[in-house]
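K.L.:
The structure under discussion is supplied below as structure tokens; questions concerning it will follow.
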Amino acid sequence: MPHTETPGTGATPRTRPRWWTELPLIALVYACYSAGRLLVRGDISDAVDHGLAILDIEKALFLNAEHPLNRLFTREPWIGVPADFWYASLHYVVTPAVLVWLFRSHTVRYRAARTWLMVSTFIGLIGFTLLPTCPPRLLDAGHGFVDTMAQYSSYGWWGGEASAPRGLGGMTNQYAAMPSLHVGWALWCGVLLWRHGRTRTARVAGVVYPLVTTIVVMGTANHYLLDAVAGAAVMGAGLLLTPLAMRGADRARARLAARLPASVTARLAPAAAPAAGGPGDVVSPIVSGGCQTSAGERFPRQREQRVAAGAGPDASPSDADDGAPAPAR
């Protein structure tokens, strides 16, 4: 029976991602994102106008979560200091940790999750480019916000101008507030922990982490409430575009692979073992090719056939049966 290949299985085998390819890819994407975020610094006056417009919209919608939270964080150091540490560190620790956890424990889900994160991050970069926004902490003091990162900077490694380490504040774009990818990435982590976590602790963390992050970004005056909403919307758009991005990557990989065999097989052909048979013969790549059975050897459950007298060793079972008397009826 000729060997047939089931579409979607042997034709396009799924291979396990390799860390030595994933790590450079993620590093490259993050480097491009960071460089793009730094290069798209908008005009400061435009950024301030956008920030004030967001406050006006929230006022019209009777939304004012930022002011009470910021006053609480400013008044209570036992809340404000941990919140600043949360904002300055977990964004860069929890997200990679969830990626590594997926890579090791849920490999089948890893590629889609990684693509979702990357697509959403680039959508966020588009938002920073089109809508540079001044965060609440950089508005005039008359608007009622206090920069807790600056107030509690003596407790941590960050400087007064940003959550970056001291002296590196100029290497960040402080007007990339809309959307909030702190909230977006935390939501990504939360969804994956809730869906794929095997313990109650993991699922609780999947709920608590994005909720607390949303409170922290507003209480530290780094983002508006609408920034957080936009961060969640960006992740939703990225989730919808992930299948399209994966299909595009598969097509690009297939086109690249189609161009490689011509040169690769030309180099490998001399090392290949010669196939049995004459010129032009097509040898089927079956597992049992070249294998023979010993004399008298039978496969399990094979019926023993009687060879008719005079029949040669090449006679088939049907030829042997032709010489046997017909059974009585």
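Here, A, B, ... name the chains of the structure tokens in the order displayed, residue numbers run from 1 inside each chain, and ligands are numbered from 1 in the same displayed order.
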Residues of region 20-205 of chain A in helix (DSSP H, G or I) according to DSSP, as an MDAnalysis selection string?
P.N.:
chainID A and resid 20:39 44:60 66:75 77:105 107:130 136:138 141:143 148:151 153:155 169:171 181:196 200:205
K.L.:
Kindly save the residues from that selection, with C-alpha atoms included, as a compact mmCIF listing (two decimals), in the first residue's frame.
P.N.:
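Written out: part20.txt:
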```
# COMPACT_ATOMS: atom_id res chain seq x y z
CA TRP A 20 18.69 29.88 21.42
CA THR A 21 16.33 31.19 18.75
CA GLU A 22 13.62 32.54 21.06
CA LEU A 23 15.95 34.55 23.29
CA PRO A 24 17.56 36.58 20.47
CA LEU A 25 14.12 37.11 18.88
CA ILE A 26 12.61 38.48 22.09
CA ALA A 27 15.70 40.61 22.75
CA LEU A 28 15.55 42.02 19.22
CA VAL A 29 11.84 42.85 19.46
CA TYR A 30 12.27 44.52 22.84
CA ALA A 31 15.29 46.49 21.60
CA CYS A 32 13.30 47.71 18.59
CA TYR A 33 10.40 48.62 20.86
CA SER A 34 12.63 50.51 23.31
CA ALA A 35 14.45 52.34 20.52
CA GLY A 36 11.17 53.23 18.82
CA ARG A 37 9.68 54.40 22.10
CA LEU A 38 12.69 56.63 22.63
CA LEU A 39 12.68 58.04 19.10
CA ILE A 44 6.00 68.51 25.10
CA SER A 45 3.18 71.02 24.63
CA ASP A 46 1.22 68.48 22.57
CA ALA A 47 1.81 65.83 25.24
CA VAL A 48 0.55 68.17 27.96
CA ASP A 49 -2.50 69.05 25.90
CA HIS A 50 -3.29 65.37 25.41
CA GLY A 51 -2.95 64.72 29.14
CA LEU A 52 -5.30 67.57 30.00
CA ALA A 53 -7.75 66.37 27.35
CA ILE A 54 -7.82 62.95 29.01
CA LEU A 55 -8.56 64.60 32.35
CA ASP A 56 -11.41 66.56 30.75
CA ILE A 57 -12.86 63.38 29.25
CA GLU A 58 -12.69 61.59 32.61
CA LYS A 59 -14.31 64.58 34.30
CA ALA A 60 -17.15 64.48 31.78
CA GLU A 66 -6.35 59.02 40.06
CA HIS A 67 -6.64 61.85 42.61
CA PRO A 68 -7.79 59.85 45.69
CA LEU A 69 -5.30 57.07 44.98
CA ASN A 70 -2.45 59.51 44.49
CA ARG A 71 -3.30 61.32 47.73
CA LEU A 72 -3.34 57.98 49.58
CA PHE A 73 0.02 56.89 48.17
CA THR A 74 1.53 60.29 48.95
CA ARG A 75 0.22 60.40 52.51
CA PRO A 77 4.65 55.75 52.76
CA TRP A 78 3.91 52.14 53.75
CA ILE A 79 1.66 52.04 50.67
CA GLY A 80 3.52 54.45 48.40
CA VAL A 81 7.00 52.92 48.71
CA PRO A 82 5.95 49.31 47.90
CA ALA A 83 3.83 50.69 45.06
CA ASP A 84 6.85 52.43 43.58
CA PHE A 85 8.87 49.22 43.82
CA TRP A 86 5.97 47.38 42.18
CA TYR A 87 5.87 49.87 39.31
CA ALA A 88 9.64 50.02 38.81
CA SER A 89 10.38 46.29 38.90
CA LEU A 90 7.57 43.79 38.39
CA HIS A 91 6.85 44.98 34.87
CA TYR A 92 10.32 43.73 33.90
CA VAL A 93 10.34 40.62 36.09
CA VAL A 94 6.90 38.99 35.97
CA THR A 95 6.45 39.18 32.19
CA PRO A 96 9.73 37.35 31.35
CA ALA A 97 9.02 34.87 34.15
CA VAL A 98 5.63 34.00 32.64
CA LEU A 99 7.27 33.61 29.21
CA VAL A 100 9.84 31.19 30.63
CA TRP A 101 7.12 29.28 32.50
CA LEU A 102 5.09 28.89 29.31
CA PHE A 103 8.19 27.83 27.36
CA ARG A 104 9.02 25.11 29.85
CA SER A 105 5.61 23.88 30.98
CA THR A 107 5.16 24.62 25.01
CA VAL A 108 2.09 24.15 22.82
CA ARG A 109 0.71 27.47 24.04
CA TYR A 110 3.99 29.37 24.02
CA ARG A 111 4.19 30.52 20.41
CA ALA A 112 0.69 32.01 20.35
CA ALA A 113 1.22 33.72 23.72
CA ARG A 114 4.57 35.16 22.67
CA THR A 115 3.11 36.41 19.38
CA TRP A 116 0.18 37.98 21.23
CA LEU A 117 2.57 39.88 23.49
CA MET A 118 4.74 41.09 20.60
CA VAL A 119 1.84 42.21 18.40
CA SER A 120 0.23 44.10 21.28
CA THR A 121 3.53 45.76 22.17
CA PHE A 122 3.95 47.10 18.66
CA ILE A 123 0.36 48.37 18.68
CA GLY A 124 1.24 50.21 21.88
CA LEU A 125 4.24 51.74 20.12
CA ILE A 126 1.89 53.08 17.46
CA GLY A 127 -0.16 54.67 20.24
CA PHE A 128 2.94 56.35 21.69
CA THR A 129 3.75 57.71 18.25
CA LEU A 130 0.30 59.07 17.41
CA PRO A 136 -0.27 63.02 35.66
CA ARG A 137 2.99 63.29 37.65
CA LEU A 138 4.49 65.69 35.07
CA ALA A 141 1.23 70.97 40.49
CA GLY A 142 -2.00 72.93 40.28
CA HIS A 143 -3.71 69.87 38.87
CA THR A 148 5.55 59.51 44.21
CA MET A 149 8.54 58.15 42.28
CA ALA A 150 10.32 61.42 43.02
CA GLN A 151 8.96 61.65 46.58
CA SER A 153 13.27 58.06 45.23
CA SER A 154 15.62 57.76 48.24
CA TYR A 155 14.08 54.34 48.99
CA GLY A 169 16.12 59.12 33.09
CA GLY A 170 17.07 60.73 29.80
CA MET A 171 17.08 57.28 28.18
CA LEU A 181 1.62 48.77 28.71
CA HIS A 182 2.24 48.26 32.42
CA VAL A 183 -1.45 47.39 32.59
CA GLY A 184 -1.42 45.66 29.20
CA TRP A 185 1.46 43.33 30.01
CA ALA A 186 0.02 42.64 33.48
CA LEU A 187 -3.28 41.68 31.85
CA TRP A 188 -1.42 39.34 29.47
CA CYS A 189 0.27 37.68 32.46
CA GLY A 190 -3.02 37.44 34.33
CA VAL A 191 -4.90 35.79 31.47
CA LEU A 192 -2.19 33.16 30.97
CA LEU A 193 -1.87 32.43 34.68
CA TRP A 194 -5.64 32.04 34.98
CA ARG A 195 -5.99 29.82 31.90
CA HIS A 196 -2.94 27.61 32.28
CA ARG A 200 -5.21 28.01 43.00
CA THR A 201 -2.26 30.27 43.84
CA ALA A 202 -1.48 30.75 40.15
CA ARG A 203 -5.08 31.64 39.37
CA VAL A 204 -5.33 34.06 42.28
CA ALA A 205 -2.11 35.70 41.07
```
K.L.:
Go through A:His106, A:Arg253, A:Asp43, A:Ala176 one by one, measure the shortest atom-to-atom distance of each to Arg198 (chain A) using only C-alpha atoms, and give the residue with the smallest value.
P.N.:
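Distance minimum relative to Arg198 (chain A) lands on A:His106.
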